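*Asks:* Sharing query.txt (compact mmCIF, N, CA and C atoms) below.
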```
# COMPACT_ATOMS: atom_id res chain seq x y z
N MET I 30 -8.27 10.69 12.02
CA MET I 30 -9.35 9.97 12.67
C MET I 30 -9.26 8.51 12.23
N LEU I 31 -9.48 7.63 13.12
CA LEU I 31 -9.48 6.20 12.80
C LEU I 31 -10.90 5.75 12.49
N TRP I 32 -11.01 4.85 11.54
CA TRP I 32 -12.30 4.28 11.18
C TRP I 32 -12.52 3.03 12.02
N HIS I 33 -13.78 2.72 12.27
CA HIS I 33 -14.13 1.56 13.07
C HIS I 33 -14.82 0.52 12.19
N ALA I 34 -14.57 -0.74 12.50
CA ALA I 34 -15.18 -1.84 11.75
C ALA I 34 -16.68 -1.87 12.00
N ASP I 35 -17.43 -2.22 10.96
CA ASP I 35 -18.87 -2.41 11.07
C ASP I 35 -19.09 -3.91 11.24
N HIS I 36 -19.15 -4.35 12.47
CA HIS I 36 -19.25 -5.79 12.75
C HIS I 36 -20.60 -6.38 12.34
N GLY I 37 -21.63 -5.56 12.28
CA GLY I 37 -22.95 -6.05 11.90
C GLY I 37 -23.09 -6.33 10.41
N ARG I 38 -22.54 -5.45 9.57
CA ARG I 38 -22.69 -5.61 8.12
C ARG I 38 -21.38 -5.91 7.41
N GLY I 39 -20.27 -5.84 8.12
CA GLY I 39 -18.97 -6.03 7.49
C GLY I 39 -18.44 -4.72 6.95
N GLY I 40 -17.17 -4.66 6.68
CA GLY I 40 -16.57 -3.44 6.15
C GLY I 40 -16.27 -2.45 7.25
N TRP I 41 -16.35 -1.17 6.92
CA TRP I 41 -15.99 -0.10 7.84
C TRP I 41 -17.11 0.92 7.94
N LEU I 42 -17.20 1.58 9.09
CA LEU I 42 -18.15 2.68 9.26
C LEU I 42 -17.51 3.93 8.67
N ILE I 43 -18.16 4.55 7.70
CA ILE I 43 -17.63 5.73 7.04
C ILE I 43 -17.93 6.96 7.90
N PRO I 44 -16.91 7.71 8.29
CA PRO I 44 -17.15 8.91 9.10
C PRO I 44 -18.00 9.93 8.34
N SER I 45 -18.86 10.62 9.04
CA SER I 45 -19.73 11.60 8.40
C SER I 45 -19.00 12.90 8.09
N ARG I 46 -17.78 13.07 8.58
CA ARG I 46 -17.04 14.32 8.37
C ARG I 46 -16.13 14.29 7.15
N LEU I 47 -16.30 13.36 6.24
CA LEU I 47 -15.47 13.33 5.04
C LEU I 47 -15.98 14.32 4.02
N ALA I 48 -15.08 14.70 3.10
CA ALA I 48 -15.47 15.57 1.99
C ALA I 48 -14.66 15.16 0.77
N GLY I 49 -15.19 15.46 -0.40
CA GLY I 49 -14.45 15.18 -1.62
C GLY I 49 -13.09 15.85 -1.59
N GLY I 50 -12.05 15.11 -1.96
CA GLY I 50 -10.69 15.65 -1.95
C GLY I 50 -9.92 15.39 -0.67
N ASP I 51 -10.56 14.84 0.36
CA ASP I 51 -9.82 14.51 1.59
C ASP I 51 -8.78 13.44 1.29
N VAL I 52 -7.61 13.57 1.89
CA VAL I 52 -6.54 12.58 1.73
C VAL I 52 -6.73 11.51 2.80
N LEU I 53 -6.69 10.25 2.37
CA LEU I 53 -6.85 9.12 3.28
C LEU I 53 -5.56 8.31 3.33
N GLU I 54 -5.25 7.77 4.48
CA GLU I 54 -4.12 6.85 4.62
C GLU I 54 -4.67 5.48 4.99
N PHE I 55 -4.22 4.48 4.27
CA PHE I 55 -4.63 3.11 4.54
C PHE I 55 -3.41 2.34 5.05
N GLY I 56 -3.65 1.32 5.81
CA GLY I 56 -2.55 0.51 6.30
C GLY I 56 -2.99 -0.93 6.49
N ALA I 57 -2.01 -1.81 6.39
CA ALA I 57 -2.28 -3.24 6.61
C ALA I 57 -1.00 -3.88 7.14
N GLN I 58 -1.17 -4.88 7.96
CA GLN I 58 -0.03 -5.63 8.47
C GLN I 58 0.25 -6.79 7.52
N ALA I 59 1.41 -6.78 6.90
CA ALA I 59 1.82 -7.86 6.00
C ALA I 59 2.90 -8.68 6.69
N ASP I 60 3.27 -9.82 6.11
CA ASP I 60 4.31 -10.67 6.69
C ASP I 60 5.63 -9.93 6.85
N TRP I 61 5.91 -8.96 5.96
CA TRP I 61 7.19 -8.24 5.98
C TRP I 61 7.12 -6.93 6.74
N GLY I 62 5.96 -6.60 7.31
CA GLY I 62 5.82 -5.37 8.09
C GLY I 62 4.56 -4.60 7.73
N LEU I 63 4.49 -3.41 8.25
CA LEU I 63 3.34 -2.55 8.02
C LEU I 63 3.43 -1.93 6.63
N VAL I 64 2.33 -1.99 5.88
CA VAL I 64 2.25 -1.41 4.54
C VAL I 64 1.26 -0.25 4.60
N ARG I 65 1.65 0.91 4.05
CA ARG I 65 0.77 2.08 4.04
C ARG I 65 0.67 2.63 2.63
N TRP I 66 -0.50 3.16 2.30
CA TRP I 66 -0.68 3.82 1.02
C TRP I 66 -1.73 4.91 1.21
N HIS I 67 -1.83 5.82 0.23
CA HIS I 67 -2.69 6.99 0.34
C HIS I 67 -3.62 7.08 -0.86
N GLY I 68 -4.76 7.70 -0.64
CA GLY I 68 -5.72 7.95 -1.69
C GLY I 68 -6.52 9.19 -1.35
N ILE I 69 -7.45 9.56 -2.23
CA ILE I 69 -8.30 10.71 -1.97
C ILE I 69 -9.76 10.31 -2.13
N VAL I 70 -10.62 10.97 -1.36
CA VAL I 70 -12.05 10.74 -1.45
C VAL I 70 -12.55 11.32 -2.76
N ASP I 71 -13.17 10.47 -3.57
CA ASP I 71 -13.76 10.92 -4.82
C ASP I 71 -15.21 11.31 -4.57
N SER I 72 -15.98 10.41 -3.98
CA SER I 72 -17.37 10.68 -3.63
C SER I 72 -17.78 9.69 -2.55
N TYR I 73 -18.83 10.04 -1.80
CA TYR I 73 -19.27 9.13 -0.75
C TYR I 73 -20.67 9.47 -0.28
N ASP I 74 -21.25 8.49 0.37
CA ASP I 74 -22.51 8.63 1.08
C ASP I 74 -22.18 8.12 2.47
N ALA I 75 -22.39 8.91 3.48
CA ALA I 75 -21.95 8.55 4.83
C ALA I 75 -22.61 7.29 5.38
N VAL I 76 -23.59 6.76 4.67
CA VAL I 76 -24.30 5.59 5.16
C VAL I 76 -23.87 4.31 4.44
N GLU I 77 -23.65 4.37 3.11
CA GLU I 77 -23.52 3.13 2.37
C GLU I 77 -22.26 2.94 1.55
N TRP I 78 -21.65 3.95 0.97
CA TRP I 78 -20.57 3.70 0.03
C TRP I 78 -19.53 4.83 0.04
N LEU I 79 -18.37 4.51 -0.49
CA LEU I 79 -17.26 5.44 -0.58
C LEU I 79 -16.45 5.10 -1.81
N THR I 80 -16.10 6.10 -2.62
CA THR I 80 -15.25 5.90 -3.78
C THR I 80 -13.95 6.65 -3.53
N VAL I 81 -12.84 5.93 -3.67
CA VAL I 81 -11.52 6.51 -3.41
C VAL I 81 -10.66 6.38 -4.66
N GLN I 82 -9.87 7.41 -4.96
CA GLN I 82 -8.90 7.34 -6.05
C GLN I 82 -7.52 7.11 -5.44
N GLY I 83 -6.71 6.34 -6.12
CA GLY I 83 -5.36 6.07 -5.64
C GLY I 83 -4.96 4.68 -6.07
N PRO I 84 -3.90 4.13 -5.57
CA PRO I 84 -3.08 4.71 -4.50
C PRO I 84 -2.09 5.74 -5.03
N SER I 85 -1.68 6.62 -4.14
CA SER I 85 -0.64 7.61 -4.40
C SER I 85 0.61 7.18 -3.64
N SER I 86 1.75 7.64 -4.12
CA SER I 86 3.03 7.22 -3.53
C SER I 86 3.26 7.78 -2.14
N ASP I 87 2.67 8.94 -1.84
CA ASP I 87 2.85 9.55 -0.52
C ASP I 87 1.74 10.57 -0.29
N PRO I 88 1.59 11.11 0.93
CA PRO I 88 0.49 12.05 1.19
C PRO I 88 0.56 13.31 0.32
N GLY I 89 1.76 13.78 0.00
CA GLY I 89 1.90 14.97 -0.84
C GLY I 89 1.36 14.74 -2.24
N ALA I 90 1.65 13.59 -2.80
CA ALA I 90 1.14 13.25 -4.14
C ALA I 90 -0.38 13.13 -4.10
N ALA I 91 -0.92 12.54 -3.05
CA ALA I 91 -2.38 12.43 -2.91
C ALA I 91 -3.00 13.82 -2.79
N SER I 92 -2.37 14.71 -2.04
CA SER I 92 -2.87 16.07 -1.90
C SER I 92 -2.86 16.80 -3.25
N ASP I 93 -1.80 16.61 -4.04
CA ASP I 93 -1.75 17.22 -5.38
C ASP I 93 -2.89 16.70 -6.25
N ASP I 94 -3.17 15.39 -6.17
CA ASP I 94 -4.28 14.81 -6.92
C ASP I 94 -5.61 15.42 -6.47
N ALA I 95 -5.76 15.61 -5.16
CA ALA I 95 -6.99 16.20 -4.62
C ALA I 95 -7.17 17.63 -5.12
N LEU I 96 -6.09 18.41 -5.15
CA LEU I 96 -6.20 19.78 -5.65
C LEU I 96 -6.59 19.82 -7.11
N ARG I 97 -6.05 18.91 -7.91
CA ARG I 97 -6.44 18.84 -9.33
C ARG I 97 -7.92 18.48 -9.45
N GLN I 98 -8.38 17.54 -8.63
CA GLN I 98 -9.79 17.14 -8.67
C GLN I 98 -10.68 18.31 -8.27
N LEU I 99 -10.35 19.01 -7.21
CA LEU I 99 -11.17 20.12 -6.75
C LEU I 99 -11.14 21.29 -7.72
N ASP I 100 -9.98 21.56 -8.32
CA ASP I 100 -9.89 22.63 -9.32
C ASP I 100 -10.78 22.32 -10.52
N HIS I 101 -10.81 21.05 -10.92
CA HIS I 101 -11.66 20.65 -12.04
C HIS I 101 -13.13 20.93 -11.72
N LEU I 102 -13.54 20.63 -10.50
CA LEU I 102 -14.93 20.88 -10.12
C LEU I 102 -15.21 22.37 -9.96
N ARG I 103 -14.25 23.09 -9.40
CA ARG I 103 -14.42 24.52 -9.13
C ARG I 103 -14.56 25.32 -10.43
N TYR I 104 -13.83 24.92 -11.46
CA TYR I 104 -13.83 25.68 -12.70
C TYR I 104 -14.63 25.01 -13.81
N ALA I 105 -15.50 24.10 -13.45
CA ALA I 105 -16.34 23.43 -14.45
C ALA I 105 -17.32 24.44 -15.03
N PRO I 106 -17.58 24.36 -16.34
CA PRO I 106 -18.55 25.29 -16.93
C PRO I 106 -19.95 25.01 -16.40
N PRO I 107 -20.80 26.03 -16.37
CA PRO I 107 -22.17 25.81 -15.88
C PRO I 107 -22.93 24.88 -16.81
N HIS I 108 -23.91 24.19 -16.25
CA HIS I 108 -24.77 23.32 -17.05
C HIS I 108 -25.63 24.20 -17.96
N HIS I 109 -25.79 23.79 -19.19
CA HIS I 109 -26.62 24.55 -20.12
C HIS I 109 -28.09 24.18 -19.93
N MET I 110 -28.91 25.18 -19.96
CA MET I 110 -30.35 24.96 -19.81
C MET I 110 -31.02 25.35 -21.11
N SER I 111 -32.18 24.79 -21.35
CA SER I 111 -32.93 25.15 -22.55
C SER I 111 -33.38 26.61 -22.45
N ALA I 112 -33.72 27.21 -23.57
CA ALA I 112 -34.15 28.62 -23.60
C ALA I 112 -35.38 28.83 -22.72
N ALA I 113 -36.25 27.84 -22.67
CA ALA I 113 -37.47 27.98 -21.86
C ALA I 113 -37.13 28.10 -20.37
N HIS I 114 -36.06 27.44 -19.93
CA HIS I 114 -35.68 27.50 -18.52
C HIS I 114 -34.88 28.75 -18.20
N ASN I 115 -34.32 29.40 -19.21
CA ASN I 115 -33.50 30.58 -18.97
C ASN I 115 -34.32 31.86 -18.79
N ARG I 116 -35.59 31.84 -19.18
CA ARG I 116 -36.41 33.04 -19.05
C ARG I 116 -36.77 33.28 -17.60
N CYS I 117 -36.73 34.52 -17.21
CA CYS I 117 -37.13 34.90 -15.86
C CYS I 117 -38.65 34.94 -15.80
N THR I 118 -39.22 34.25 -14.85
CA THR I 118 -40.68 34.24 -14.74
C THR I 118 -41.16 35.04 -13.53
N ARG I 119 -40.26 35.69 -12.84
CA ARG I 119 -40.65 36.48 -11.67
C ARG I 119 -41.39 37.73 -12.11
N ARG I 120 -42.45 38.02 -11.45
CA ARG I 120 -43.24 39.19 -11.78
C ARG I 120 -43.18 40.16 -10.59
N VAL I 121 -43.07 41.43 -10.91
CA VAL I 121 -43.01 42.45 -9.87
C VAL I 121 -44.39 43.09 -9.76
N ALA I 122 -44.93 43.10 -8.57
CA ALA I 122 -46.24 43.72 -8.36
C ALA I 122 -46.08 45.24 -8.33
N ARG I 123 -46.95 45.91 -9.04
CA ARG I 123 -46.90 47.38 -9.09
C ARG I 123 -48.04 47.92 -8.22
N HIS I 124 -47.70 48.80 -7.36
CA HIS I 124 -48.71 49.41 -6.48
C HIS I 124 -49.06 50.79 -7.02
N ALA I 125 -50.33 51.09 -7.12
CA ALA I 125 -50.77 52.39 -7.62
C ALA I 125 -51.01 53.36 -6.52
```
Rewrite the structure of this file - the entire thing - as structure tokens.
*Replies:*
Amino acid sequence: MLWHADHGRGGWLIPSRLAGGDVLEFGAQADWGLVRWHGIVDSYDAVEWLTVQGPSSDPGAASDDALRQLDHLRYAPPHHMSAAHNRCTRRVARHA
């Protein structure tokens, strides 16, 4: 998908269909020709900002970086809660 320029505020309109770990390709026209590089979506808000990691040497390397990032999130240990938050407060009604 191609991104479109935000002529009103400057920069680019961030597509709402992005997700963390997506591989992005960037390009620019330089004096010596077209230059391309790749990165991965780290985090974003579809309205205001986007954080990208990279550049990577090619799309395969960017994809490998994305898999490492997603594996880190997938296997992250759960957040620890205080003992007061760990107690179950649900009560079961007993019918006689």
*Asks:* Please, which residues are within 5 Å of (-4.1, 8.4, 2.3) by the file's coordinates, counting all atoms listed in the file, and could they come as a list in words?
*Replies:*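 Here is the list of nearby residues: Val52, Leu53, Glu54, Phe55, Trp66, His67 and Gly68 of chain I.
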*Asks:* Which residues are close to I:Tyr73, i.e. within 10 Å by only C-alpha atoms, leaving aside same-chain residues fewer than 3 positions away? Reply as an MDAnalysis selection string.
*Replies:* chainID I and resid 43 45 47:49 70 76:81
*Asks:* Given the choices I:Arg38, I:Ile69, I:Arg46, I:Leu96, which gets closest to I:Gly83 if the distance is worked out from all atoms listed in the file?
*Replies:*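 Nearest candidate to I:Gly83 out of I:Arg38, I:Ile69, I:Arg46, I:Leu96: I:Ile69.
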*Asks:* Using Å and a single decimal, report how far atom CA of I:Gly62 sits from atom CA of I:Gly50.
*Replies:*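 Separation of atom CA of I:Gly50 and atom CA of I:Gly62: 28.6 Å.
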*Asks:* Just how far from atom N of I:Leu63 is atom C of I:Ser86, in Å to one decimal?
*Replies:*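 Atom-to-atom, atom C of I:Ser86 to atom N of I:Leu63, that is 15.3 Å.
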*Asks:* To one decimal in Å, tell me the separation between atom C of I:Ser92 and atom C of I:Gly40.
*Replies:* 25.7 Å
*Asks:* Taking the backbone alone, and naming residues the way the document does, which bits of stretch 31-99 of chain I are helix (DSSP H, G or I) by DSSP, as a list in words?
*Replies:*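 Taking stretch 31-99 of chain I and keeping helix (DSSP H, G or I) only, one gets Pro88, Gly89, Ala90, Ala91, Ser92, Asp93, Asp94, Ala95, Leu96, Arg97, Gln98 and Leu99 of chain I.
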